[in-house]
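Below: the structure, in structure tokens.
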Amino acid sequence: MPYIPLEDHLPGITGLLEYRVDTAAPIRALTQCLLRGPSTLTEGERELIATIVSHRNECKFCSYAHTAAANTLLEEENTTAEITKDITTASVSDKMKALLIIASQVQVSGKNVTGESVQQAKDAGATDIEIHDTVLIAALFCLYNRYVDGLATVTPVDPGFYKGLGQRLKEHGYNRLPQGYDHLKKTNL
Amino acid sequence: MAHIKLEEEVPGIRSLVLFRPETGQYLYELVQILLRGESTLSEAERELIATYVSQRNECIFCRDSHAAASKCLYGDEKSIVDEVLHDMNEAGLSEKMKTLLTIAGKVQVSGKEVSDEDIATARNNDATDREIHDTVLIAATFSMFNRYVDGLATLTPTDPAVYEEMGKRMAGGYSFPQQTK
């Protein structure tokens, strides 16, 4: 049970973003900009960064949700499975491997990012903005993962829930739905 | 030297938000609402949570700048900040603040570290749901900022006077930097 009163039909992060809408607004806008804004990284690639960090923080809700979003955007389920097992052998570009390694270092601590890993990303063609965004996405998910688990929010066990959520994240991104989330009450019954 | 091309001589978070204002504007908005918006925790107390988490993440830029802001806001009671940095349990703080800092310290490690018992202890010392929520979110937010600032190897000034100036400015609130320095 969550440590603070959250709405039953809004598990994980979704209940927290409705608990305090004023702090949620810049968090949502930041996420929308980073994961869906103009970028030379695809939306699927950016979701992979969110997935690897959530996976390593063992945040089940975020890990399942962003795996589902990445799978939907990439239209396959192998890449998410591969990167969580071993980044170096995953079937992603060398640039993405280097960026995922940087994200994994950020997950532990900002200080863990080495000049060498940054150079490897640059050698594989990563731009300064791509490196910047990778670090900030990884750092942002260190926020989300702690927020979600630190208040003991509910993690649904039904895989169908995450499939639906992944689809919603593909179609609507991270902005608050204009009508709010009351319509989800009945689908969860 | 920073890992990416940032404006020279601009320190810490400032250099990053100027590099990418599209994301930077929201970071400033978030910190302004969390640390300066309406709350039953004082601005000095919220800055103390930010300082404590930054210290545990060994992010010197964030630690020293938020310590300076907290001291500025505590005024005559500013010695509390150094006491917390030395040993939180021995600091001249309310029991409630100690329980909230304990929760923040757990969040710094992992969200999963926060226990039912930590929450019960905070409640027994009169912490409200909203104070518990805000403590977790501030601690999570600084777990982000610390990684962002150090992950890109931004400039960390070593002169204490620089932080003192920063603290004074931060005490007045967080608005997106117009000037570069």
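How things are named: the first chain in the structure tokens is A, the next is B, and so on; residues count from 1 in each chain; ligands count from 1 in the order shown.
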
> Could you name the residues that touch region 42-57 of chain A at 10 Å or less, counting only C-alpha atoms, but leaving out those on the same chain fewer than 5 positions away, as a VMD selection string?
Replying inline: (chain A and resid 34 to 37 62 to 75 79 to 81 83 to 85 87 92 96 99 to 108 130 133 to 135 137 to 142 144 to 146 149 170) or (chain B and resid 109 to 112)

Just the selected residues (C-alpha atoms), exported as an mmCIF file, in the first residue's frame, please.
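File written: result_10.cif
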```cif
data_model
loop_
_atom_site.group_PDB
_atom_site.id
_atom_site.type_symbol
_atom_site.label_atom_id
_atom_site.label_comp_id
_atom_site.auth_asym_id
_atom_site.auth_seq_id
_atom_site.Cartn_x
_atom_site.Cartn_y
_atom_site.Cartn_z
ATOM 1 C CA LEU A 34 13.446 14.775 -23.536
ATOM 2 C CA LEU A 35 11.637 11.653 -24.758
ATOM 3 C CA ARG A 36 9.331 13.049 -27.425
ATOM 4 C CA GLY A 37 10.810 16.417 -28.422
ATOM 5 C CA CYS A 62 8.971 2.088 -14.486
ATOM 6 C CA SER A 63 10.888 -0.821 -15.939
ATOM 7 C CA TYR A 64 7.744 -2.607 -17.185
ATOM 8 C CA ALA A 65 6.136 0.625 -18.403
ATOM 9 C CA HIS A 66 9.131 1.830 -20.422
ATOM 10 C CA THR A 67 9.905 -1.636 -21.744
ATOM 11 C CA ALA A 68 6.326 -1.663 -23.070
ATOM 12 C CA ALA A 69 6.697 1.842 -24.534
ATOM 13 C CA ALA A 70 10.018 0.935 -26.200
ATOM 14 C CA ASN A 71 8.593 -2.339 -27.575
ATOM 15 C CA THR A 72 5.604 -0.527 -29.026
ATOM 16 C CA LEU A 73 7.753 2.174 -30.610
ATOM 17 C CA LEU A 74 10.368 -0.269 -31.943
ATOM 18 C CA GLU A 75 7.670 -2.723 -33.049
ATOM 19 C CA THR A 79 16.010 -5.146 -28.078
ATOM 20 C CA THR A 80 14.645 -4.367 -24.604
ATOM 21 C CA ALA A 81 15.320 -7.969 -23.562
ATOM 22 C CA ILE A 83 19.963 -4.539 -23.434
ATOM 23 C CA THR A 84 18.831 -5.550 -19.944
ATOM 24 C CA LYS A 85 20.890 -8.725 -20.307
ATOM 25 C CA ILE A 87 24.451 -3.952 -23.557
ATOM 26 C CA VAL A 92 21.797 -1.831 -31.326
ATOM 27 C CA MET A 96 23.507 3.415 -28.815
ATOM 28 C CA LEU A 99 25.087 5.899 -24.819
ATOM 29 C CA LEU A 100 23.469 3.052 -22.870
ATOM 30 C CA ILE A 101 26.790 2.461 -21.109
ATOM 31 C CA ILE A 102 26.927 6.150 -20.134
ATOM 32 C CA ALA A 103 23.325 5.911 -18.860
ATOM 33 C CA SER A 104 24.272 2.864 -16.774
ATOM 34 C CA GLN A 105 27.161 4.769 -15.246
ATOM 35 C CA VAL A 106 24.864 7.692 -14.397
ATOM 36 C CA GLN A 107 22.477 5.231 -12.707
ATOM 37 C CA VAL A 108 25.197 4.450 -10.155
ATOM 38 C CA GLU A 130 22.898 13.301 -27.597
ATOM 39 C CA ASP A 133 20.256 14.129 -23.293
ATOM 40 C CA THR A 134 21.409 10.626 -22.400
ATOM 41 C CA VAL A 135 22.806 11.847 -19.080
ATOM 42 C CA ILE A 137 17.280 11.109 -19.250
ATOM 43 C CA ALA A 138 19.249 8.710 -17.044
ATOM 44 C CA ALA A 139 19.271 11.234 -14.189
ATOM 45 C CA LEU A 140 15.550 11.924 -14.638
ATOM 46 C CA PHE A 141 14.754 8.231 -14.318
ATOM 47 C CA CYS A 142 16.829 8.097 -11.144
ATOM 48 C CA TYR A 144 11.240 8.763 -11.160
ATOM 49 C CA ASN A 145 12.418 5.406 -9.836
ATOM 50 C CA ARG A 146 13.020 6.837 -6.371
ATOM 51 C CA ASP A 149 9.395 3.230 -4.979
ATOM 52 C CA LYS A 170 3.262 6.165 -27.638
ATOM 53 C CA VAL B 109 20.329 5.154 -1.885
ATOM 54 C CA SER B 110 17.151 3.748 -3.446
ATOM 55 C CA GLY B 111 13.423 4.294 -3.223
ATOM 56 C CA LYS B 112 13.114 0.746 -1.956
#
```

Considering only C-alpha atoms, give me a table of residues in chain A that are at most 6 Å from chain B, with the closest atom pair and distance in Å for each, as JSON lines.
```
{"residue": "A:Ile4", "atom": "CA", "partner": "B:Asp129", "partner_atom": "CA", "distance": 5.6}
{"residue": "A:Pro26", "atom": "CA", "partner": "B:Tyr26", "partner_atom": "CA", "distance": 5.0}
{"residue": "A:Leu30", "atom": "CA", "partner": "B:Tyr26", "partner_atom": "CA", "distance": 5.7}
{"residue": "A:Ser109", "atom": "CA", "partner": "B:Arg147", "partner_atom": "CA", "distance": 5.9}
{"residue": "A:Gly110", "atom": "CA", "partner": "B:Gly151", "partner_atom": "CA", "distance": 3.8}
{"residue": "A:Lys111", "atom": "CA", "partner": "B:Asp150", "partner_atom": "CA", "distance": 5.5}
{"residue": "A:Val113", "atom": "CA", "partner": "B:Gly151", "partner_atom": "CA", "distance": 5.6}
{"residue": "A:Asp128", "atom": "CA", "partner": "B:Ile4", "partner_atom": "CA", "distance": 5.4}
{"residue": "A:Leu136", "atom": "CA", "partner": "B:Tyr148", "partner_atom": "CA", "distance": 5.8}
{"residue": "A:Ala139", "atom": "CA", "partner": "B:Met144", "partner_atom": "CA", "distance": 4.4}
{"residue": "A:Leu140", "atom": "CA", "partner": "B:Met144", "partner_atom": "CA", "distance": 5.5}
{"residue": "A:Cys142", "atom": "CA", "partner": "B:Met144", "partner_atom": "CA", "distance": 5.9}
{"residue": "A:Leu143", "atom": "CA", "partner": "B:Ala140", "partner_atom": "CA", "distance": 4.4}
{"residue": "A:Arg146", "atom": "CA", "partner": "B:Gly111", "partner_atom": "CA", "distance": 4.1}
{"residue": "A:Tyr147", "atom": "CA", "partner": "B:Leu137", "partner_atom": "CA", "distance": 5.9}
{"residue": "A:Asp149", "atom": "CA", "partner": "B:Gly111", "partner_atom": "CA", "distance": 4.5}
{"residue": "A:Gly150", "atom": "CA", "partner": "B:Gly111", "partner_atom": "CA", "distance": 3.7}
```

Could you turn the residues from that selection into a file that holds N, CA and C atoms, as an mmCIF file, in the first residue's frame?
```
data_model
loop_
_atom_site.group_PDB
_atom_site.id
_atom_site.type_symbol
_atom_site.label_atom_id
_atom_site.label_comp_id
_atom_site.auth_asym_id
_atom_site.auth_seq_id
_atom_site.Cartn_x
_atom_site.Cartn_y
_atom_site.Cartn_z
ATOM 1 N N ILE A 4 1.265 7.278 1.183
ATOM 2 C CA ILE A 4 0.372 8.437 1.251
ATOM 3 C C ILE A 4 -0.885 8.098 0.450
ATOM 4 N N PRO A 26 6.068 20.566 -14.386
ATOM 5 C CA PRO A 26 7.409 20.645 -15.009
ATOM 6 C C PRO A 26 8.062 19.276 -15.211
ATOM 7 N N LEU A 30 9.287 18.281 -18.851
ATOM 8 C CA LEU A 30 10.684 17.889 -19.051
ATOM 9 C C LEU A 30 10.760 16.533 -19.747
ATOM 10 N N SER A 109 26.169 6.668 -10.280
ATOM 11 C CA SER A 109 26.537 7.999 -9.795
ATOM 12 C C SER A 109 27.020 8.828 -10.972
ATOM 13 N N GLY A 110 26.797 10.128 -10.912
ATOM 14 C CA GLY A 110 27.301 10.993 -11.975
ATOM 15 C C GLY A 110 28.813 10.867 -12.114
ATOM 16 N N LYS A 111 29.459 10.642 -10.975
ATOM 17 C CA LYS A 111 30.922 10.551 -10.973
ATOM 18 C C LYS A 111 31.445 9.325 -11.691
ATOM 19 N N VAL A 113 30.684 8.368 -14.667
ATOM 20 C CA VAL A 113 30.851 8.581 -16.105
ATOM 21 C C VAL A 113 32.323 8.922 -16.367
ATOM 22 N N ASP A 128 27.244 16.170 -28.905
ATOM 23 C CA ASP A 128 27.184 16.680 -27.531
ATOM 24 C C ASP A 128 25.748 16.679 -27.005
ATOM 25 N N LEU A 136 20.877 13.329 -18.991
ATOM 26 C CA LEU A 136 19.706 13.910 -18.320
ATOM 27 C C LEU A 136 18.535 12.923 -18.265
ATOM 28 N N ALA A 139 19.432 10.564 -15.484
ATOM 29 C CA ALA A 139 19.271 11.234 -14.189
ATOM 30 C C ALA A 139 17.788 11.398 -13.853
ATOM 31 N N LEU A 140 16.993 11.750 -14.851
ATOM 32 C CA LEU A 140 15.550 11.924 -14.638
ATOM 33 C C LEU A 140 14.899 10.610 -14.189
ATOM 34 N N CYS A 142 16.418 8.315 -12.535
ATOM 35 C CA CYS A 142 16.829 8.097 -11.144
ATOM 36 C C CYS A 142 15.883 8.856 -10.211
ATOM 37 N N LEU A 143 15.342 9.969 -10.683
ATOM 38 C CA LEU A 143 14.300 10.677 -9.924
ATOM 39 C C LEU A 143 13.025 9.831 -9.903
ATOM 40 N N ARG A 146 13.027 6.594 -7.812
ATOM 41 C CA ARG A 146 13.020 6.837 -6.371
ATOM 42 C C ARG A 146 11.677 7.375 -5.891
ATOM 43 N N TYR A 147 11.056 8.164 -6.702
ATOM 44 C CA TYR A 147 9.749 8.750 -6.365
ATOM 45 C C TYR A 147 8.708 7.621 -6.274
ATOM 46 N N ASP A 149 9.150 4.248 -6.001
ATOM 47 C CA ASP A 149 9.395 3.230 -4.979
ATOM 48 C C ASP A 149 9.472 3.822 -3.578
ATOM 49 N N GLY A 150 9.959 5.050 -3.479
ATOM 50 C CA GLY A 150 10.119 5.691 -2.167
ATOM 51 C C GLY A 150 8.796 5.935 -1.473
#
```

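Closest approach to Gly164 (chain A) from the set A:Thr31, A:Gly115, A:Glu82, A:Leu184 is made by A:Leu184, with distances taken over only C-alpha atoms.
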
> Could you state the separation of CA of Ser79 (chain B) and CA of Phe176 (chain B) in Å, given to one decimal place?
Replying inline: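 About the pair CA of Ser79 (chain B) and CA of Phe176 (chain B): they are 29.3 Å apart.
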
> In Å, how far is it from CA of Met170 (chain B) to CA of Glu95 (chain B)?
Replying inline: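 A separation of 26.6 Å between them.
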
> DSSP on the backbone: what in region 47-181 of chain B comes out alpha helix (DSSP H), as an MDAnalysis selection string?
Replying inline: chainID B and resid 47:56 60:74 79:87 95:109 116:124 129:151 160:171

> Could you state the separation of CA of Ser15 (chain B) and CA of Thr154 (chain B) in Å, given to one decimal place?
Replying inline: 7.3 Å

>> So that I can check the surroundings of Ala67 (chain B), please list as a list of chain:residue names every protein, DNA and RNA residue that reaches within 7 Å of it, counting only C-alpha atoms and ignoring chain neighbours fewer than 3 positions away.
In response: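 My list of contacting residues is B:Leu48, B:Thr51, B:Arg63, B:Asp64, B:Ser70, B:Lys71, B:Val81.
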
Would you put the residues from that selection into a file with N, CA and C atoms, as a short mmCIF file (atom, residue, chain, number, x, y, z; two decimals), in the first residue's frame?
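Okay, out-v7.cif is ready:
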```
data_model
loop_
_atom_site.label_atom_id
_atom_site.label_comp_id
_atom_site.auth_asym_id
_atom_site.auth_seq_id
_atom_site.Cartn_x
_atom_site.Cartn_y
_atom_site.Cartn_z
N LEU B 48 17.80 22.32 3.20
CA LEU B 48 18.61 21.40 4.00
C LEU B 48 18.48 19.97 3.46
N THR B 51 20.59 19.80 0.46
CA THR B 51 22.00 19.79 0.85
C THR B 51 22.42 18.40 1.33
N ARG B 63 26.04 20.46 -3.16
CA ARG B 63 26.11 20.51 -1.69
C ARG B 63 26.44 21.92 -1.22
N ASP B 64 27.52 22.49 -1.76
CA ASP B 64 27.97 23.78 -1.26
C ASP B 64 27.03 24.92 -1.64
N SER B 70 20.70 27.45 2.23
CA SER B 70 20.05 27.08 3.48
C SER B 70 20.53 27.97 4.63
N LYS B 71 21.82 28.20 4.70
CA LYS B 71 22.39 29.06 5.75
C LYS B 71 21.81 30.46 5.67
N VAL B 81 23.09 23.95 9.58
CA VAL B 81 23.48 23.35 8.30
C VAL B 81 24.80 22.58 8.44
#
```
